[in-house]
>>> print(open('protein07.cif').read())   # mmCIF, N, CA and C atoms
data_model
loop_
_atom_site.label_atom_id
_atom_site.label_comp_id
_atom_site.auth_asym_id
_atom_site.auth_seq_id
_atom_site.Cartn_x
_atom_site.Cartn_y
_atom_site.Cartn_z
N MET A 1 7.62 -7.72 -14.47
CA MET A 1 7.74 -7.90 -13.03
C MET A 1 6.37 -7.65 -12.39
N PHE A 2 6.01 -8.51 -11.45
CA PHE A 2 4.75 -8.35 -10.76
C PHE A 2 4.83 -7.24 -9.72
N VAL A 3 3.80 -6.42 -9.70
CA VAL A 3 3.66 -5.39 -8.68
C VAL A 3 2.75 -5.93 -7.58
N CYS A 4 1.66 -6.55 -7.99
CA CYS A 4 0.67 -7.08 -7.06
C CYS A 4 0.62 -8.60 -7.20
N SER A 5 1.18 -9.29 -6.23
CA SER A 5 1.19 -10.75 -6.26
C SER A 5 -0.20 -11.33 -6.00
N CYS A 6 -1.00 -10.63 -5.21
CA CYS A 6 -2.34 -11.13 -4.88
C CYS A 6 -3.21 -11.31 -6.12
N PHE A 7 -3.11 -10.36 -7.07
CA PHE A 7 -3.95 -10.41 -8.26
C PHE A 7 -3.17 -10.56 -9.55
N GLY A 8 -1.86 -10.80 -9.45
CA GLY A 8 -1.05 -11.03 -10.64
C GLY A 8 -0.96 -9.84 -11.57
N VAL A 9 -0.88 -8.64 -11.01
CA VAL A 9 -0.82 -7.42 -11.81
C VAL A 9 0.64 -7.02 -12.00
N THR A 10 1.02 -6.79 -13.24
CA THR A 10 2.40 -6.45 -13.55
C THR A 10 2.62 -4.93 -13.55
N GLU A 11 3.90 -4.57 -13.51
CA GLU A 11 4.27 -3.16 -13.59
C GLU A 11 3.77 -2.56 -14.91
N ALA A 12 3.87 -3.33 -15.98
CA ALA A 12 3.41 -2.85 -17.29
C ALA A 12 1.90 -2.56 -17.27
N GLN A 13 1.14 -3.41 -16.59
CA GLN A 13 -0.31 -3.18 -16.52
C GLN A 13 -0.62 -1.92 -15.72
N VAL A 14 0.07 -1.74 -14.61
CA VAL A 14 -0.13 -0.52 -13.81
C VAL A 14 0.23 0.70 -14.65
N GLN A 15 1.34 0.62 -15.36
CA GLN A 15 1.76 1.75 -16.19
C GLN A 15 0.75 2.02 -17.30
N GLN A 16 0.17 0.97 -17.86
CA GLN A 16 -0.85 1.15 -18.90
C GLN A 16 -2.07 1.88 -18.34
N HIS A 17 -2.51 1.50 -17.16
CA HIS A 17 -3.64 2.18 -16.54
C HIS A 17 -3.28 3.63 -16.23
N ALA A 18 -2.05 3.86 -15.80
CA ALA A 18 -1.60 5.23 -15.53
C ALA A 18 -1.58 6.04 -16.82
N ASP A 19 -1.09 5.44 -17.89
CA ASP A 19 -1.06 6.13 -19.19
C ASP A 19 -2.46 6.44 -19.68
N ASN A 20 -3.42 5.62 -19.26
CA ASN A 20 -4.81 5.84 -19.67
C ASN A 20 -5.57 6.77 -18.72
N GLY A 21 -4.88 7.30 -17.72
CA GLY A 21 -5.50 8.32 -16.89
C GLY A 21 -5.60 8.06 -15.40
N ALA A 22 -5.26 6.87 -14.93
CA ALA A 22 -5.31 6.62 -13.49
C ALA A 22 -4.19 7.42 -12.83
N CYS A 23 -4.54 8.16 -11.79
CA CYS A 23 -3.58 9.06 -11.15
C CYS A 23 -3.28 8.68 -9.70
N THR A 24 -4.06 7.78 -9.14
CA THR A 24 -3.90 7.43 -7.73
C THR A 24 -3.95 5.91 -7.57
N PRO A 25 -3.40 5.41 -6.47
CA PRO A 25 -3.51 3.97 -6.22
C PRO A 25 -4.97 3.50 -6.18
N ARG A 26 -5.86 4.33 -5.70
CA ARG A 26 -7.27 3.96 -5.66
C ARG A 26 -7.83 3.77 -7.07
N GLN A 27 -7.42 4.64 -7.99
CA GLN A 27 -7.88 4.51 -9.37
C GLN A 27 -7.28 3.27 -10.03
N ILE A 28 -6.04 2.96 -9.69
CA ILE A 28 -5.43 1.71 -10.18
C ILE A 28 -6.21 0.52 -9.63
N ALA A 29 -6.55 0.58 -8.35
CA ALA A 29 -7.32 -0.50 -7.73
C ALA A 29 -8.67 -0.69 -8.41
N SER A 30 -9.30 0.40 -8.77
CA SER A 30 -10.59 0.31 -9.46
C SER A 30 -10.44 -0.35 -10.83
N ALA A 31 -9.30 -0.13 -11.45
CA ALA A 31 -9.09 -0.67 -12.79
C ALA A 31 -8.68 -2.13 -12.79
N CYS A 32 -7.89 -2.57 -11.77
CA CYS A 32 -7.35 -3.93 -11.85
C CYS A 32 -7.22 -4.65 -10.51
N LYS A 33 -7.74 -4.09 -9.45
CA LYS A 33 -7.74 -4.67 -8.10
C LYS A 33 -6.39 -4.60 -7.38
N ALA A 34 -5.33 -4.19 -8.06
CA ALA A 34 -4.02 -4.12 -7.40
C ALA A 34 -4.11 -3.20 -6.18
N GLY A 35 -3.59 -3.68 -5.07
CA GLY A 35 -3.57 -2.90 -3.84
C GLY A 35 -4.79 -3.08 -2.96
N THR A 36 -5.71 -3.96 -3.34
CA THR A 36 -6.95 -4.08 -2.57
C THR A 36 -6.97 -5.28 -1.63
N ASP A 37 -5.95 -6.13 -1.66
CA ASP A 37 -5.95 -7.28 -0.77
C ASP A 37 -5.00 -7.03 0.39
N CYS A 38 -3.77 -7.41 0.29
CA CYS A 38 -2.84 -7.25 1.42
C CYS A 38 -2.30 -5.84 1.53
N GLY A 39 -2.27 -5.11 0.41
CA GLY A 39 -1.82 -3.71 0.43
C GLY A 39 -0.32 -3.51 0.33
N SER A 40 0.45 -4.59 0.26
CA SER A 40 1.90 -4.43 0.23
C SER A 40 2.41 -3.79 -1.05
N CYS A 41 1.61 -3.75 -2.10
CA CYS A 41 2.04 -3.18 -3.37
C CYS A 41 1.70 -1.70 -3.53
N VAL A 42 0.99 -1.13 -2.59
CA VAL A 42 0.52 0.25 -2.74
C VAL A 42 1.68 1.23 -2.90
N ARG A 43 2.74 1.05 -2.14
CA ARG A 43 3.89 1.95 -2.27
C ARG A 43 4.56 1.82 -3.63
N ARG A 44 4.61 0.61 -4.14
CA ARG A 44 5.19 0.40 -5.48
C ARG A 44 4.31 1.06 -6.53
N ILE A 45 2.99 0.96 -6.38
CA ILE A 45 2.07 1.62 -7.30
C ILE A 45 2.27 3.12 -7.23
N GLN A 46 2.39 3.67 -6.03
CA GLN A 46 2.64 5.10 -5.87
C GLN A 46 3.92 5.51 -6.59
N ALA A 47 4.95 4.69 -6.49
CA ALA A 47 6.22 5.00 -7.16
C ALA A 47 6.05 5.01 -8.68
N ILE A 48 5.30 4.05 -9.20
CA ILE A 48 5.06 4.00 -10.64
C ILE A 48 4.28 5.22 -11.08
N LEU A 49 3.26 5.58 -10.33
CA LEU A 49 2.45 6.75 -10.67
C LEU A 49 3.26 8.04 -10.58
N GLY A 50 4.23 8.06 -9.71
CA GLY A 50 5.04 9.26 -9.53
C GLY A 50 6.03 9.51 -10.64
N ARG A 51 6.17 8.58 -11.56
CA ARG A 51 7.14 8.70 -12.64
C ARG A 51 6.73 9.69 -13.73
N GLY A 52 5.44 9.93 -13.86
CA GLY A 52 4.99 10.79 -14.96
C GLY A 52 3.85 11.67 -14.53
N ALA A 53 3.54 12.61 -15.39
CA ALA A 53 2.41 13.50 -15.13
C ALA A 53 1.11 12.77 -15.38
N CYS A 54 0.10 13.13 -14.63
CA CYS A 54 -1.21 12.53 -14.81
C CYS A 54 -1.94 13.28 -15.91
N PRO A 55 -2.25 12.62 -17.02
CA PRO A 55 -2.88 13.31 -18.14
C PRO A 55 -4.30 13.79 -17.86
N ARG A 56 -4.91 13.24 -16.83
CA ARG A 56 -6.30 13.63 -16.56
C ARG A 56 -6.48 14.26 -15.19
N ARG A 57 -5.41 14.74 -14.60
CA ARG A 57 -5.47 15.33 -13.26
C ARG A 57 -6.48 16.48 -13.22
N GLU A 58 -6.51 17.29 -14.25
CA GLU A 58 -7.43 18.42 -14.28
C GLU A 58 -8.89 17.96 -14.18
N LEU A 59 -9.23 16.92 -14.93
CA LEU A 59 -10.60 16.39 -14.87
C LEU A 59 -10.91 15.84 -13.48
N ALA A 60 -9.95 15.11 -12.92
CA ALA A 60 -10.16 14.54 -11.59
C ALA A 60 -10.33 15.64 -10.56
N ASP A 61 -9.54 16.69 -10.66
CA ASP A 61 -9.64 17.80 -9.72
C ASP A 61 -11.00 18.50 -9.81
N GLN A 62 -11.61 18.44 -10.98
CA GLN A 62 -12.92 19.05 -11.18
C GLN A 62 -14.06 18.10 -10.82
N GLY A 63 -13.71 16.89 -10.41
CA GLY A 63 -14.72 15.91 -10.02
C GLY A 63 -15.39 15.24 -11.21
N LYS A 64 -14.79 15.36 -12.38
CA LYS A 64 -15.36 14.74 -13.57
C LYS A 64 -14.85 13.30 -13.69
N PRO A 65 -15.65 12.42 -14.29
CA PRO A 65 -15.21 11.02 -14.42
C PRO A 65 -14.02 10.89 -15.35
N VAL A 66 -13.04 10.12 -14.90
CA VAL A 66 -11.85 9.92 -15.72
C VAL A 66 -11.52 8.44 -15.90
N LEU A 67 -12.31 7.56 -15.33
CA LEU A 67 -11.98 6.14 -15.36
C LEU A 67 -12.79 5.31 -16.35
N ALA A 68 -13.74 5.90 -17.03
CA ALA A 68 -14.57 5.13 -17.95
C ALA A 68 -13.70 4.44 -18.99
N GLU A 69 -12.73 5.14 -19.54
CA GLU A 69 -11.86 4.56 -20.54
C GLU A 69 -10.99 3.46 -19.94
N ILE A 70 -10.55 3.63 -18.71
CA ILE A 70 -9.73 2.62 -18.05
C ILE A 70 -10.54 1.35 -17.85
N ALA A 71 -11.78 1.49 -17.43
CA ALA A 71 -12.63 0.31 -17.25
C ALA A 71 -12.81 -0.43 -18.57
N GLU A 72 -12.94 0.30 -19.65
CA GLU A 72 -13.10 -0.32 -20.96
C GLU A 72 -11.81 -1.04 -21.37
N VAL A 73 -10.66 -0.43 -21.09
CA VAL A 73 -9.38 -1.07 -21.41
C VAL A 73 -9.23 -2.35 -20.61
N ALA A 74 -9.57 -2.32 -19.33
CA ALA A 74 -9.47 -3.50 -18.48
C ALA A 74 -10.40 -4.60 -18.98
N LYS A 75 -11.60 -4.23 -19.37
CA LYS A 75 -12.57 -5.21 -19.87
C LYS A 75 -12.05 -5.85 -21.15
N THR A 76 -11.50 -5.04 -22.05
CA THR A 76 -10.95 -5.54 -23.29
C THR A 76 -9.79 -6.49 -23.03
N ALA A 77 -8.93 -6.13 -22.07
CA ALA A 77 -7.79 -6.97 -21.73
C ALA A 77 -8.26 -8.33 -21.19
N ARG A 78 -9.30 -8.31 -20.35
CA ARG A 78 -9.82 -9.58 -19.81
C ARG A 78 -10.41 -10.44 -20.94
N LEU A 79 -11.08 -9.82 -21.88
CA LEU A 79 -11.65 -10.57 -22.99
C LEU A 79 -10.54 -11.16 -23.86
N ASP A 80 -9.46 -10.38 -24.08
CA ASP A 80 -8.33 -10.87 -24.87
C ASP A 80 -7.66 -12.05 -24.18
N GLU A 81 -7.52 -11.99 -22.85
CA GLU A 81 -6.90 -13.08 -22.11
C GLU A 81 -7.75 -14.34 -22.16
N ALA A 82 -9.07 -14.17 -22.18
CA ALA A 82 -9.97 -15.32 -22.19
C ALA A 82 -9.98 -16.03 -23.55
N ALA A 83 -9.64 -15.29 -24.60
CA ALA A 83 -9.69 -15.86 -25.96
C ALA A 83 -8.52 -16.77 -26.26
#
>>> encode(input="protein07.cif", output="structure tokens")
Amino acid sequence: MFVCSCFGVTEAQVQQHADNGACTPRQIASACKAGTDCGSCVRRIQAILGRGACPRRELADQGKPVLAEIAEVAKTARLDEAA
């Protein structure tokens, strides 16, 4: 099921980014652009993020980078889709 119609982002993709450490809608947006156009999906993203604990919340609270791995996962996914 699509969460973000503007960029074609699915619930599974949002959940994958969350599993990889994204804890906020802004971090999801950085990983896949969901929520950055019309914004109608932000509440749905918040609901998905609210389903589980954030594995990297401690790092984020300390101001340490937590998205490098997410960016790499997104890049790999784009390369796989292009192939």
>>> resolve_selection(input="protein07.cif", expression="the PyMOL selection byres (((chain A and resi 26 and name CA) around 12) and name CA)", output="list of chain:residue names")
A:Val14, A:His17, A:Ala18, A:Ala22, A:Cys23, A:Thr24, A:Pro25, A:Gln27, A:Ile28, A:Ala29, A:Ser30, A:Ala31, A:Cys32, A:Lys33, A:Ala34, A:Gly35, A:Thr36, A:Gly39, A:Cys41, A:Val42, A:Arg43, A:Ile45, A:Gln46, A:Leu49, A:Leu67
>>> atom_distance(input="protein07.cif", atom1="atom CA of A:Val3", atom2="atom CA of A:Gln62")
29.6 Å
>>> residues_around(input="protein07.cif", residues="A:Gln15", least_positions_apart="5", cutoff="7 Å", atoms="only N, CA and C atoms", output="JSON, numbers by chain")
{"A": [10, 20, 48]}
>>> atom_distance(input="protein07.cif", atom1="atom CA of A:Arg44", atom2="atom CA of A:Gly21")
17.5 Å
>>> atom_distance(input="protein07.cif", atom1="atom CA of A:Cys38", atom2="atom C of A:Met1")
16.6 Å
